[in-house]
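S.K.: Here it is, the structure, as structure tokens.
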Amino acid sequence: MPASVHRAGSREIAVTAARAAADKQAVDVTILDVSGLIVITDYFVICSGTSDRQVKTLLEEVEKAVRELGERPVRREGEADARWVLLDYIDVVVHVFAQEEREYYDLERLWRDAPRLPWEGSAQAAAASLD
């Protein structure tokens, strides 16, 4: 009989992605619980990088951390420009923005009815954005 395989839940994926981004000094890492508002996904993880290079680093780190949970994105969009890149894990969508694009699209305002998911490290990520 094969050993049981642990399949990561959407909350675990979201928190893992947020921690990975925060570990690479992402700006204002936020998890929005959109499960009560839309049916196509449970969480949005939103963060910003201060340069194109940092955006790419954040993507690599998030993808590496979530891959350790046994998950791979089913889709990646926007990587060529590195201004707003999306990693789609079906139940979790990770949005990595350049700062200007994040301010322009303002997903937190668009999804203001979505509760923010507190996660270990969120206070440090918020504090880092004030520096």
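How things are named: the first chain in the structure tokens is A, the next is B, and so on; residues count from 1 in each chain; ligands count from 1 in the order shown.
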Which parts of range 44-124 of chain A does DSSP call strand (DSSP E or B) when run on the backbone here, written out as a ChimeraX atom specification?

M.R.: /A:44-49,75-77,84-88,92-98,116

S.K.: Hey, what's within 10 Å of Val34 in chain A if we count only C-alpha atoms and toss same-chain stuff fewer than 6 positions away? As JSON, numbers by chain, please?

M.R.: {"A": [40, 41, 42, 43, 44, 91, 92, 111, 112, 113, 114, 115, 116, 117]}

S.K.: Taking only C-alpha atoms into account, which of A:Leu59, A:Ile46, A:Ala17, A:Leu107 comes nearest Ile31 in chain A?

M.R.: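 That would be A:Ile46, the residue with the smallest distance to Ile31 in chain A.
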
S.K.: If we count only C-alpha atoms, what is near Arg75 in chain A at a cut-off of 7 Å, once residues fewer than 2 positions away on the same chain are taken out, given as an MDAnalysis selection string?

M.R.: chainID A and resid 73 77 87:88

S.K.: Mind writing the picked residues with all heavy atoms as a PDB file, in the first residue's frame?

M.R.:
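File produced: result-v1.pdb:
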ATOM      1  N   PRO A  73       2.795  26.095 -10.397  1.00  0.00           N
ATOM      2  CA  PRO A  73       1.745  26.937 -10.986  1.00  0.00           C
ATOM      3  C   PRO A  73       1.232  26.317 -12.290  1.00  0.00           C
ATOM      4  O   PRO A  73       2.012  25.748 -13.061  1.00  0.00           O
ATOM      5  CB  PRO A  73       2.453  28.267 -11.248  1.00  0.00           C
ATOM      6  CG  PRO A  73       3.898  27.934 -11.326  1.00  0.00           C
ATOM      7  CD  PRO A  73       4.105  26.731 -10.444  1.00  0.00           C
ATOM      8  N   GLU A  77       1.839  34.467 -15.942  1.00  0.00           N
ATOM      9  CA  GLU A  77       1.573  35.539 -16.899  1.00  0.00           C
ATOM     10  C   GLU A  77       2.354  36.783 -16.530  1.00  0.00           C
ATOM     11  O   GLU A  77       2.534  37.069 -15.348  1.00  0.00           O
ATOM     12  CB  GLU A  77       0.084  35.889 -16.925  1.00  0.00           C
ATOM     13  CG  GLU A  77      -0.773  34.817 -17.533  1.00  0.00           C
ATOM     14  CD  GLU A  77      -2.215  35.250 -17.682  1.00  0.00           C
ATOM     15  OE1 GLU A  77      -2.515  36.451 -17.539  1.00  0.00           O
ATOM     16  OE2 GLU A  77      -3.045  34.363 -17.928  1.00  0.00           O
ATOM     17  N   LEU A  87       1.265  34.154 -10.719  1.00  0.00           N
ATOM     18  CA  LEU A  87       1.458  32.709 -10.602  1.00  0.00           C
ATOM     19  C   LEU A  87       0.128  32.123 -10.174  1.00  0.00           C
ATOM     20  O   LEU A  87      -0.397  32.477  -9.119  1.00  0.00           O
ATOM     21  CB  LEU A  87       2.527  32.367  -9.553  1.00  0.00           C
ATOM     22  CG  LEU A  87       3.944  32.826  -9.819  1.00  0.00           C
ATOM     23  CD1 LEU A  87       4.826  32.536  -8.604  1.00  0.00           C
ATOM     24  CD2 LEU A  87       4.513  32.137 -11.046  1.00  0.00           C
ATOM     25  N   ASP A  88      -0.435  31.257 -10.993  1.00  0.00           N
ATOM     26  CA  ASP A  88      -1.759  30.706 -10.739  1.00  0.00           C
ATOM     27  C   ASP A  88      -1.633  29.271 -10.237  1.00  0.00           C
ATOM     28  O   ASP A  88      -1.236  28.380 -10.984  1.00  0.00           O
ATOM     29  CB  ASP A  88      -2.581  30.755 -12.021  1.00  0.00           C
ATOM     30  CG  ASP A  88      -4.026  30.308 -11.833  1.00  0.00           C
ATOM     31  OD1 ASP A  88      -4.363  29.788 -10.752  1.00  0.00           O
ATOM     32  OD2 ASP A  88      -4.806  30.475 -12.786  1.00  0.00           O
TER      33      ASP A  88
END

S.K.: Enumerate the residues of chain A with a DSSP assignment of helix (DSSP H, G or I), computed from the backbone, and present them as a compact mmCIF listing (two decimals) with N, CA and C atoms, in the first residue's frame.

M.R.:
# COMPACT_ATOMS: atom_id res chain seq x y z
N SER A 10 -5.06 25.24 0.26
CA SER A 10 -4.91 26.57 -0.31
C SER A 10 -4.36 27.58 0.71
N ARG A 11 -4.78 27.48 1.95
CA ARG A 11 -4.26 28.39 2.98
C ARG A 11 -2.76 28.17 3.17
N GLU A 12 -2.33 26.92 3.22
CA GLU A 12 -0.91 26.61 3.38
C GLU A 12 -0.10 27.15 2.20
N ILE A 13 -0.62 27.02 1.00
CA ILE A 13 0.07 27.54 -0.18
C ILE A 13 0.18 29.06 -0.09
N ALA A 14 -0.92 29.73 0.27
CA ALA A 14 -0.93 31.19 0.37
C ALA A 14 0.08 31.69 1.40
N VAL A 15 0.08 31.07 2.57
CA VAL A 15 1.00 31.50 3.63
C VAL A 15 2.44 31.20 3.24
N THR A 16 2.69 30.07 2.62
CA THR A 16 4.04 29.73 2.17
C THR A 16 4.53 30.75 1.14
N ALA A 17 3.67 31.11 0.20
CA ALA A 17 4.04 32.10 -0.81
C ALA A 17 4.32 33.46 -0.16
N ALA A 18 3.48 33.86 0.78
CA ALA A 18 3.67 35.14 1.46
C ALA A 18 4.98 35.16 2.24
N ARG A 19 5.26 34.10 2.96
CA ARG A 19 6.51 34.04 3.73
C ARG A 19 7.73 34.09 2.81
N ALA A 20 7.66 33.36 1.68
CA ALA A 20 8.78 33.36 0.74
C ALA A 20 9.03 34.76 0.20
N ALA A 21 7.96 35.47 -0.14
CA ALA A 21 8.11 36.83 -0.64
C ALA A 21 8.67 37.75 0.45
N ALA A 22 8.14 37.63 1.66
CA ALA A 22 8.62 38.46 2.77
C ALA A 22 10.09 38.19 3.07
N ASP A 23 10.51 36.94 2.93
CA ASP A 23 11.91 36.60 3.18
C ASP A 23 12.86 37.29 2.20
N ASP A 52 12.72 45.60 -11.25
CA ASP A 52 12.42 44.43 -12.08
C ASP A 52 13.18 43.21 -11.58
N ARG A 53 14.41 43.43 -11.18
CA ARG A 53 15.23 42.32 -10.68
C ARG A 53 14.63 41.72 -9.41
N GLN A 54 14.16 42.56 -8.50
CA GLN A 54 13.56 42.03 -7.28
C GLN A 54 12.25 41.31 -7.58
N VAL A 55 11.46 41.82 -8.52
CA VAL A 55 10.22 41.12 -8.91
C VAL A 55 10.56 39.70 -9.37
N LYS A 56 11.58 39.57 -10.20
CA LYS A 56 11.98 38.24 -10.68
C LYS A 56 12.48 37.36 -9.54
N THR A 57 13.22 37.94 -8.61
CA THR A 57 13.71 37.20 -7.45
C THR A 57 12.54 36.73 -6.59
N LEU A 58 11.56 37.60 -6.38
CA LEU A 58 10.38 37.22 -5.60
C LEU A 58 9.65 36.05 -6.25
N LEU A 59 9.49 36.11 -7.55
CA LEU A 59 8.82 35.02 -8.28
C LEU A 59 9.56 33.71 -8.10
N GLU A 60 10.86 33.75 -8.28
CA GLU A 60 11.66 32.53 -8.14
C GLU A 60 11.54 31.95 -6.73
N GLU A 61 11.59 32.82 -5.73
CA GLU A 61 11.54 32.36 -4.34
C GLU A 61 10.17 31.80 -3.99
N VAL A 62 9.11 32.46 -4.44
CA VAL A 62 7.76 31.96 -4.19
C VAL A 62 7.57 30.62 -4.86
N GLU A 63 7.97 30.53 -6.11
CA GLU A 63 7.78 29.27 -6.85
C GLU A 63 8.58 28.14 -6.21
N LYS A 64 9.79 28.43 -5.77
CA LYS A 64 10.62 27.42 -5.11
C LYS A 64 9.97 26.94 -3.81
N ALA A 65 9.50 27.87 -2.99
CA ALA A 65 8.90 27.51 -1.70
C ALA A 65 7.63 26.69 -1.89
N VAL A 66 6.79 27.09 -2.83
CA VAL A 66 5.53 26.37 -3.05
C VAL A 66 5.81 25.02 -3.71
N ARG A 67 6.84 24.93 -4.52
CA ARG A 67 7.22 23.65 -5.13
C ARG A 67 7.61 22.64 -4.05
N GLN A 99 6.18 48.39 -8.02
CA GLN A 99 5.44 49.29 -7.14
C GLN A 99 4.45 50.18 -7.88
N GLU A 100 4.87 50.75 -9.02
CA GLU A 100 3.98 51.66 -9.75
C GLU A 100 2.72 50.95 -10.23
N GLU A 101 2.86 49.74 -10.73
CA GLU A 101 1.71 48.98 -11.22
C GLU A 101 0.79 48.59 -10.08
N ARG A 102 1.36 48.26 -8.93
CA ARG A 102 0.52 47.91 -7.80
C ARG A 102 -0.34 49.10 -7.38
N GLU A 103 0.26 50.26 -7.34
CA GLU A 103 -0.50 51.45 -6.97
C GLU A 103 -1.58 51.76 -8.01
N TYR A 104 -1.26 51.56 -9.28
CA TYR A 104 -2.22 51.86 -10.34
C TYR A 104 -3.41 50.90 -10.31
N TYR A 105 -3.15 49.59 -10.24
CA TYR A 105 -4.23 48.61 -10.29
C TYR A 105 -4.93 48.44 -8.94
N LEU A 107 -5.30 46.35 -6.32
CA LEU A 107 -6.16 45.18 -6.10
C LEU A 107 -6.80 45.17 -4.71
N GLU A 108 -6.08 45.67 -3.73
CA GLU A 108 -6.65 45.71 -2.38
C GLU A 108 -7.91 46.58 -2.33
N ARG A 109 -7.93 47.65 -3.10
CA ARG A 109 -9.13 48.49 -3.15
C ARG A 109 -10.24 47.78 -3.93
N LEU A 110 -9.88 47.17 -5.06
CA LEU A 110 -10.87 46.46 -5.86
C LEU A 110 -11.52 45.32 -5.09
N SER A 122 3.47 38.69 8.81
CA SER A 122 2.80 39.81 8.15
C SER A 122 3.15 41.14 8.81
N ALA A 123 3.35 41.17 10.11
CA ALA A 123 3.72 42.41 10.79
C ALA A 123 5.10 42.88 10.35
N GLN A 124 6.04 41.94 10.18
CA GLN A 124 7.37 42.30 9.74
C GLN A 124 7.34 42.82 8.30
N ALA A 125 6.52 42.20 7.46
CA ALA A 125 6.42 42.64 6.07
C ALA A 125 5.84 44.04 6.00
N ALA A 126 4.83 44.32 6.79
CA ALA A 126 4.23 45.65 6.82
C ALA A 126 5.23 46.69 7.32
N ALA A 127 5.98 46.34 8.36
CA ALA A 127 6.98 47.25 8.91
C ALA A 127 8.07 47.54 7.89
N ALA A 128 8.47 46.52 7.13
CA ALA A 128 9.53 46.71 6.12
C ALA A 128 9.09 47.69 5.05
N SER A 129 7.80 47.73 4.73
CA SER A 129 7.32 48.63 3.69
C SER A 129 7.38 50.09 4.15
N LEU A 130 7.51 50.34 5.45
CA LEU A 130 7.58 51.71 5.97
C LEU A 130 9.00 52.25 5.97

S.K.: Determine the nearest neighbour of Val27 in chain A from the options A:Cys47, A:Leu86, A:Val96, A:Val74, counting only C-alpha atoms.

M.R.: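 Ranked by minimum distance to Val27 in chain A, first place goes to A:Cys47.
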
S.K.: What does the distance from CA of Gln25 in chain A to CA of Ser51 in chain A come to in Å, to one decimal?

M.R.: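 Pair CA of Gln25 in chain A / CA of Ser51 in chain A returns 11.6 Å.
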
S.K.: Would you compute the distance between CA of Thr50 in chain A and CA of Glu120 in chain A? Give it in Å to one decimal.

M.R.: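 About the pair CA of Thr50 in chain A and CA of Glu120 in chain A: they are 22.6 Å apart.
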
S.K.: Taking only C-alpha atoms into account, name the residue in A:Ala8, A:Ala80, A:Val29, A:Leu37 that is nearest to His95 in chain A.

M.R.: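 Counting only C-alpha atoms, the residue closest to His95 in chain A is A:Val29.
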